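Engineer: Can you keep this structure in mind? I'll have questions shortly.
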Amino acid sequence: MTMANDAAAKTLQDVLAERFGERLTVDPDLPGLAELAAIAAHRSHRRYLARPVPPDLVRLLCACALSAPSKSDLQQSDIVMVADVAVRKTIAAAIPDMPWIEAAPAFLVFVANGRRLPLIAEMRNKPFPNDHLDLFFNAVADSAIVLATFLRAAAAIGLGCCPISAIRDHAAMVGKLLHLPERTVPVAGLCVGWPVEPGHITPRLGLGTTVHQDRYEVGDLAGEIDAYDKRRAALRPYARQRNPERWGTATSYGWSEDKARQYAEPLRADFGTFVRAQGFRLD
Ligand SMILES: Cc1cc2nc3c(=O)[nH]c(=O)nc-3n(C[C@H](O)[C@H](O)[C@H](O)COP(=O)(O)O)c2cc1C
């Protein structure tokens with residue numbers, strides 16, 4: 001055991017304590033503690049330096065991201081690097097409350113691709129009796145894994161990112177702008193840049209709520225959420241309350257109040273129509 005290992009173990013414990021409100025046991029003799037600490041210290045970045053992110057570097061990160069595992073080796077995930085300024089501006093203009101979309105030095109769109117597989121069936125003159133929900137689900141899962149891997153690769157070289165699911169509020173427009181063919185859907189955009197500031201850790205639900213032993217434990221969800229709201233508010237209180245015109249100003253405003261307010265509005269109710277119009281069958 002070296003002093004460096006002890007320090008890495010302590011860093012990891014500190015970061016996870018801030019995230020989960022729990023001090024986990026970390027064996028300082030474990031290899032790879034620095035990588036674990038980097039994973040645990042994840043944060044989204046929405047403010048970037050003017051320093052460019054060269055396209056070759058983005059392409060390198062895409063290659064690392066697409067090295068992620070893929071369900072049945074089906075490789076149902078694509079990435080669109082959006083360099084066209086007019087296209088980016090159109091997307092950004094549709095989402096004015098997220099100015100980081102236009103400001104980010106690089107912008108990508110992660111795409112779930114259910115197109116290649118049925119086309120390959122056609123090319124190889126085979127039937128394709130799998131045109132149902134699973135095709136969509138597998139493609140979205142692959143794309144999400146590639147997105148997460150891109151985040152890790154980018155963070156490893158000091159880049160900061162922010163995924164943008166808000167592009168799905170304008171899925172048809174984004175699909176048209178990017179010429180997305182049949183049976184493909186945009187899963188999320190991604191802003192990429194050199195962060196202006198280190199950013200901060202966002203606390204997550206306690207591990208007692210989200211990690212289960214042998215069987216799913218429903219537990220005391222109300223009590224656990226309450227405790228999480230308090231722990232999170234002490235570390236990272238919300239700067240403003242969502243939609244006070246409709247819900248008033250709460251004396252104690254936690255994560256659960258914010259998420260309940262967020263989802264009290266209909267969101268993306270037309271997304272299913274878009275996905276079906278793209279040719280996916282969801283039954
Ligand atoms: C699939 C996905 C979509 C997201 N979409 C948006 C978005 O549209 N706009 C945004 O500002 N942040 C977006 N985020 C970032 C989340 O808000 C962020 O991950 C969350 O608040 C937790 O913060 P952290 O990533 O710093 O831990 C998205 C994250 C994910 C994983």
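Chain labels A, B, ... are given in the sequence in which chains occur in the structure tokens; within each chain residues are numbered consecutively from 1, and ligands are likewise numbered from 1 in the order shown.
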Quick one: contact table of chain A to ligand 1, 10 Å max, nearest atom pair and distance in Å to one decimal per residue, counting only C-alpha atoms and all ligand atoms, chain and number order, as a Markdown table?

Structural biologist:
```
| residue | atom | partner | partner_atom_place_in_ligand_line | distance |
| --- | --- | --- | --- | --- |
| A:Arg19 | CA | ligand 1 | 27 (O) | 8.9 |
| A:Ala40 | CA | ligand 1 | 27 (O) | 9.6 |
| A:Ala41 | CA | ligand 1 | 27 (O) | 8.5 |
| A:His42 | CA | ligand 1 | 27 (O) | 6.1 |
| A:Arg43 | CA | ligand 1 | 26 (O) | 3.5 |
| A:Ser44 | CA | ligand 1 | 26 (O) | 3.8 |
| A:His45 | CA | ligand 1 | 26 (O) | 7.0 |
| A:Arg46 | CA | ligand 1 | 11 (O) | 7.0 |
| A:Ile95 | CA | ligand 1 | 8 (O) | 8.9 |
| A:Asp97 | CA | ligand 1 | 11 (O) | 8.8 |
| A:Met98 | CA | ligand 1 | 11 (O) | 6.2 |
| A:Pro99 | CA | ligand 1 | 11 (O) | 9.1 |
| A:Trp100 | CA | ligand 1 | 11 (O) | 7.9 |
| A:Ile101 | CA | ligand 1 | 9 (N) | 8.7 |
| A:Phe110 | CA | ligand 1 | 1 (C) | 9.9 |
| A:Ala144 | CA | ligand 1 | 1 (C) | 7.2 |
| A:Leu147 | CA | ligand 1 | 1 (C) | 8.2 |
| A:Ala148 | CA | ligand 1 | 31 (C) | 7.7 |
| A:Leu151 | CA | ligand 1 | 31 (C) | 9.6 |
| A:Cys161 | CA | ligand 1 | 15 (C) | 8.8 |
| A:Cys162 | CA | ligand 1 | 15 (C) | 5.6 |
| A:Pro163 | CA | ligand 1 | 4 (C) | 4.5 |
| A:Ile164 | CA | ligand 1 | 8 (O) | 3.3 |
| A:Ser165 | CA | ligand 1 | 5 (N) | 3.8 |
| A:Ala166 | CA | ligand 1 | 8 (O) | 3.9 |
| A:Ile167 | CA | ligand 1 | 8 (O) | 6.8 |
| A:Arg168 | CA | ligand 1 | 8 (O) | 8.6 |
| A:Asp169 | CA | ligand 1 | 8 (O) | 9.2 |
| A:Val187 | CA | ligand 1 | 1 (C) | 7.4 |
| A:Ala188 | CA | ligand 1 | 1 (C) | 6.0 |
| A:Gly189 | CA | ligand 1 | 8 (O) | 7.7 |
| A:Leu190 | CA | ligand 1 | 5 (N) | 8.4 |
| A:Cys191 | CA | ligand 1 | 10 (C) | 9.3 |
| A:Gly199 | CA | ligand 1 | 26 (O) | 7.8 |
| A:His200 | CA | ligand 1 | 26 (O) | 6.8 |
| A:Ile201 | CA | ligand 1 | 27 (O) | 6.0 |
| A:Thr202 | CA | ligand 1 | 27 (O) | 4.7 |
| A:Pro203 | CA | ligand 1 | 27 (O) | 7.4 |
| A:Arg204 | CA | ligand 1 | 27 (O) | 7.9 |
```

Engineer: Find the residues of range 92-180 of chain A that sit at most 8 Å from range 262-283 of chain A; for each, write down the nearest two atoms and how far apart they are in Å, to one decimal. Count only C-alpha atoms. Sort by chain, then by number going up, and give it as a tab-separated table.

Structural biologist:
```
residue	atom	partner	partner_atom	distance
A:Gly114	CA	A:Phe280	CA	7.7
A:Asp131	CA	A:Arg281	CA	6.3
A:His132	CA	A:Arg281	CA	5.0
A:Leu133	CA	A:Leu282	CA	4.1
A:Asp134	CA	A:Leu282	CA	7.9
A:Leu135	CA	A:Phe280	CA	7.9
A:Phe136	CA	A:Phe280	CA	6.6
A:Arg168	CA	A:Arg268	CA	7.3
A:Asp169	CA	A:Arg268	CA	5.7
A:Ala171	CA	A:Phe274	CA	7.1
A:Ala172	CA	A:Phe274	CA	6.5
```

Engineer: Can you spit out the residues from that selection as a PDB file, in the first residue's frame, using N, CA and C atoms?

Structural biologist:
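Saved the output as again26.pdb:
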```
ATOM      1  N   GLY A 114     -32.261   1.545 -36.249  1.00  0.00           N
ATOM      2  CA  GLY A 114     -32.937   0.253 -36.447  1.00  0.00           C
ATOM      3  C   GLY A 114     -33.094  -0.035 -37.928  1.00  0.00           C
ATOM      4  N   ASP A 131     -39.622  -7.168 -36.504  1.00  0.00           N
ATOM      5  CA  ASP A 131     -39.927  -5.750 -36.653  1.00  0.00           C
ATOM      6  C   ASP A 131     -40.947  -5.360 -35.573  1.00  0.00           C
ATOM      7  N   HIS A 132     -40.449  -5.216 -34.332  1.00  0.00           N
ATOM      8  CA  HIS A 132     -41.342  -4.875 -33.221  1.00  0.00           C
ATOM      9  C   HIS A 132     -40.570  -4.029 -32.206  1.00  0.00           C
ATOM     10  N   LEU A 133     -41.157  -3.829 -31.055  1.00  0.00           N
ATOM     11  CA  LEU A 133     -40.591  -2.893 -30.069  1.00  0.00           C
ATOM     12  C   LEU A 133     -39.111  -3.152 -29.771  1.00  0.00           C
ATOM     13  N   ASP A 134     -38.727  -4.435 -29.766  1.00  0.00           N
ATOM     14  CA  ASP A 134     -37.353  -4.776 -29.374  1.00  0.00           C
ATOM     15  C   ASP A 134     -36.310  -4.137 -30.302  1.00  0.00           C
ATOM     16  N   LEU A 135     -36.655  -3.969 -31.578  1.00  0.00           N
ATOM     17  CA  LEU A 135     -35.719  -3.345 -32.531  1.00  0.00           C
ATOM     18  C   LEU A 135     -35.414  -1.916 -32.084  1.00  0.00           C
ATOM     19  N   PHE A 136     -36.459  -1.207 -31.712  1.00  0.00           N
ATOM     20  CA  PHE A 136     -36.308   0.176 -31.239  1.00  0.00           C
ATOM     21  C   PHE A 136     -35.541   0.211 -29.919  1.00  0.00           C
ATOM     22  N   ARG A 168     -35.225  16.226 -28.703  1.00  0.00           N
ATOM     23  CA  ARG A 168     -36.383  15.376 -29.023  1.00  0.00           C
ATOM     24  C   ARG A 168     -37.708  16.125 -28.892  1.00  0.00           C
ATOM     25  N   ASP A 169     -37.653  17.349 -28.312  1.00  0.00           N
ATOM     26  CA  ASP A 169     -38.853  18.195 -28.351  1.00  0.00           C
ATOM     27  C   ASP A 169     -39.119  18.636 -29.791  1.00  0.00           C
ATOM     28  N   ALA A 171     -38.090  16.594 -32.592  1.00  0.00           N
ATOM     29  CA  ALA A 171     -37.496  15.412 -33.235  1.00  0.00           C
ATOM     30  C   ALA A 171     -37.665  15.442 -34.754  1.00  0.00           C
ATOM     31  N   ALA A 172     -38.845  15.839 -35.222  1.00  0.00           N
ATOM     32  CA  ALA A 172     -39.084  15.821 -36.675  1.00  0.00           C
ATOM     33  C   ALA A 172     -38.163  16.831 -37.362  1.00  0.00           C
TER      34      ALA A 172
END
```

Engineer: Calculated over only C-alpha atoms, which of the candidates A:Leu30, A:Met123, A:Val211, A:Val192 has the smallest distance to Val109 in chain A?

Structural biologist: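 Closest candidate: A:Val192.
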
Engineer: Based on DSSP run over this structure's backbone, return all residues of range 47-137 of chain A in strand (DSSP E), as a count of residues only.

Structural biologist: 13

Engineer: Considering only C-alpha atoms, state which residue in the set A:Ala7, A:Val87, A:Leu108, A:Ala141 is at the smallest distance from Ala68 in chain A.

Structural biologist: A:Ala141

Engineer: Counting only C-alpha atoms, which of A:Val111, A:Ile79, A:Ser143, A:Gly248 gets nearest to Arg59 in chain A?

Structural biologist: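 The answer is A:Ile79, which sits nearest to Arg59 in chain A.
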
Engineer: Enumerate, as a PyMOL selection string, the complete set of residues in range 10-139 of chain A that a backbone-based DSSP assignment places in helix (DSSP H, G or I).

Structural biologist: chain A and resi 10-20+33-40+55-65+71-73+85-94+100-103+116-123+133-139

Engineer: Could you turn the residues from that selection into a file that holds C-alpha atoms, as an mmCIF file, in the first residue's frame?

Structural biologist:
```cif
data_model
loop_
_atom_site.group_PDB
_atom_site.id
_atom_site.type_symbol
_atom_site.label_atom_id
_atom_site.label_comp_id
_atom_site.auth_asym_id
_atom_site.auth_seq_id
_atom_site.Cartn_x
_atom_site.Cartn_y
_atom_site.Cartn_z
ATOM 1 C CA LYS A 10 -9.737 8.673 0.025
ATOM 2 C CA THR A 11 -10.574 10.824 -3.018
ATOM 3 C CA LEU A 12 -12.949 8.145 -4.265
ATOM 4 C CA GLN A 13 -14.581 7.841 -0.842
ATOM 5 C CA ASP A 14 -14.953 11.623 -0.560
ATOM 6 C CA VAL A 15 -16.525 11.988 -4.003
ATOM 7 C CA LEU A 16 -18.970 9.136 -3.412
ATOM 8 C CA ALA A 17 -19.852 10.471 0.042
ATOM 9 C CA GLU A 18 -20.787 13.783 -1.562
ATOM 10 C CA ARG A 19 -22.789 11.978 -4.249
ATOM 11 C CA PHE A 20 -24.595 9.377 -2.114
ATOM 12 C CA LEU A 33 -8.653 3.742 -8.325
ATOM 13 C CA ALA A 34 -7.850 6.893 -10.295
ATOM 14 C CA GLU A 35 -10.207 5.780 -13.055
ATOM 15 C CA LEU A 36 -12.928 4.953 -10.549
ATOM 16 C CA ALA A 37 -12.497 8.377 -8.960
ATOM 17 C CA ALA A 38 -12.832 10.009 -12.391
ATOM 18 C CA ILE A 39 -16.026 8.055 -13.116
ATOM 19 C CA ALA A 40 -17.444 8.882 -9.695
ATOM 20 C CA PRO A 55 -12.888 17.680 -35.569
ATOM 21 C CA ASP A 56 -10.147 15.042 -35.602
ATOM 22 C CA LEU A 57 -10.250 14.943 -31.816
ATOM 23 C CA VAL A 58 -14.045 14.566 -31.839
ATOM 24 C CA ARG A 59 -13.675 11.763 -34.370
ATOM 25 C CA LEU A 60 -11.135 10.056 -32.111
ATOM 26 C CA LEU A 61 -13.617 10.258 -29.227
ATOM 27 C CA CYS A 62 -16.368 8.882 -31.496
ATOM 28 C CA ALA A 63 -14.127 5.889 -32.243
ATOM 29 C CA CYS A 64 -13.570 5.324 -28.511
ATOM 30 C CA ALA A 65 -17.313 5.692 -27.836
ATOM 31 C CA LYS A 71 -26.261 -5.851 -28.061
ATOM 32 C CA SER A 72 -25.664 -9.082 -30.082
ATOM 33 C CA ASP A 73 -22.877 -7.174 -31.875
ATOM 34 C CA VAL A 85 -23.307 26.334 -38.484
ATOM 35 C CA ALA A 86 -26.770 26.917 -39.983
ATOM 36 C CA VAL A 87 -27.990 23.506 -38.804
ATOM 37 C CA ARG A 88 -26.664 24.089 -35.292
ATOM 38 C CA LYS A 89 -28.212 27.556 -35.160
ATOM 39 C CA THR A 90 -31.601 26.186 -36.208
ATOM 40 C CA ILE A 91 -31.486 23.543 -33.474
ATOM 41 C CA ALA A 92 -30.272 26.062 -30.878
ATOM 42 C CA ALA A 93 -32.939 28.596 -31.840
ATOM 43 C CA ALA A 94 -35.652 26.023 -31.186
ATOM 44 C CA TRP A 100 -24.966 26.127 -24.421
ATOM 45 C CA ILE A 101 -26.230 24.330 -27.551
ATOM 46 C CA GLU A 102 -25.065 27.183 -29.768
ATOM 47 C CA ALA A 103 -22.079 28.174 -27.607
ATOM 48 C CA ARG A 116 -29.288 -1.402 -40.914
ATOM 49 C CA LEU A 117 -30.530 -4.712 -39.539
ATOM 50 C CA PRO A 118 -33.670 -5.086 -41.707
ATOM 51 C CA LEU A 119 -31.654 -3.808 -44.695
ATOM 52 C CA ILE A 120 -29.026 -6.484 -44.080
ATOM 53 C CA ALA A 121 -31.831 -9.067 -43.962
ATOM 54 C CA GLU A 122 -32.928 -7.821 -47.382
ATOM 55 C CA MET A 123 -29.361 -7.828 -48.741
ATOM 56 C CA LEU A 133 -40.591 -2.893 -30.069
ATOM 57 C CA ASP A 134 -37.353 -4.776 -29.374
ATOM 58 C CA LEU A 135 -35.719 -3.345 -32.531
ATOM 59 C CA PHE A 136 -36.308 0.176 -31.239
ATOM 60 C CA PHE A 137 -35.375 -0.675 -27.657
ATOM 61 C CA ASN A 138 -32.067 -2.340 -28.601
ATOM 62 C CA ALA A 139 -31.070 0.545 -30.849
#
```

Engineer: In Å, rounded to a single decimal, give me how far CA of Ser77 in chain A is from CA of Leu178 in chain A.

Structural biologist: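 Straight-line distance from CA of Leu178 in chain A to CA of Ser77 in chain A works out to 15.0 Å.
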
Engineer: Pick the closest to Pro31 in chain A from A:Ala106, A:Leu66, A:Ala8, A:Ala227: which is it, counting only C-alpha atoms?

Structural biologist: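 Of A:Ala106, A:Leu66, A:Ala8, A:Ala227, the one nearest Pro31 in chain A is A:Ala8, counting only C-alpha atoms.
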
Engineer: Can you tell me how far CA of Val26 in chain A sits from CA of Trp255 in chain A, in Å to one decimal?

Structural biologist: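 Atom-to-atom, CA of Val26 in chain A to CA of Trp255 in chain A, that is 28.6 Å.
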
Engineer: Under the rule that only C-alpha atoms are counted, which of A:Met173, A:Pro181, A:Ile145, A:Ser67 is the nearest residue to Arg115 in chain A?

Structural biologist: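 That would be A:Pro181, the residue with the smallest distance to Arg115 in chain A.
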
Engineer: Which value, in Å to one decimal, gives the distance between CA of Val185 in chain A and CA of Pro129 in chain A?

Structural biologist: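 Spanning CA of Val185 in chain A to CA of Pro129 in chain A is a straight-line distance of 21.0 Å.
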
Engineer: List as a list in words the protein and nucleic acid residues near Pro244 in chain A, meaning an atom at most 12 Å away when only C-alpha atoms are counted, but skip any in the same chain fewer than 3 places from it.

Structural biologist: Arg240, Gln241, Trp247, Gly248, Thr249, Ala250, Thr251, Tyr253, Glu257, Asp258, Arg261 and Gln262 of chain A

Engineer: Nearest residue to Trp194 in chain A out of A:Gly219, A:Lys126, A:Ser70, A:Ala155, using only C-alpha atoms?

Structural biologist: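 Nearest candidate to Trp194 in chain A out of A:Gly219, A:Lys126, A:Ser70, A:Ala155: A:Ala155.
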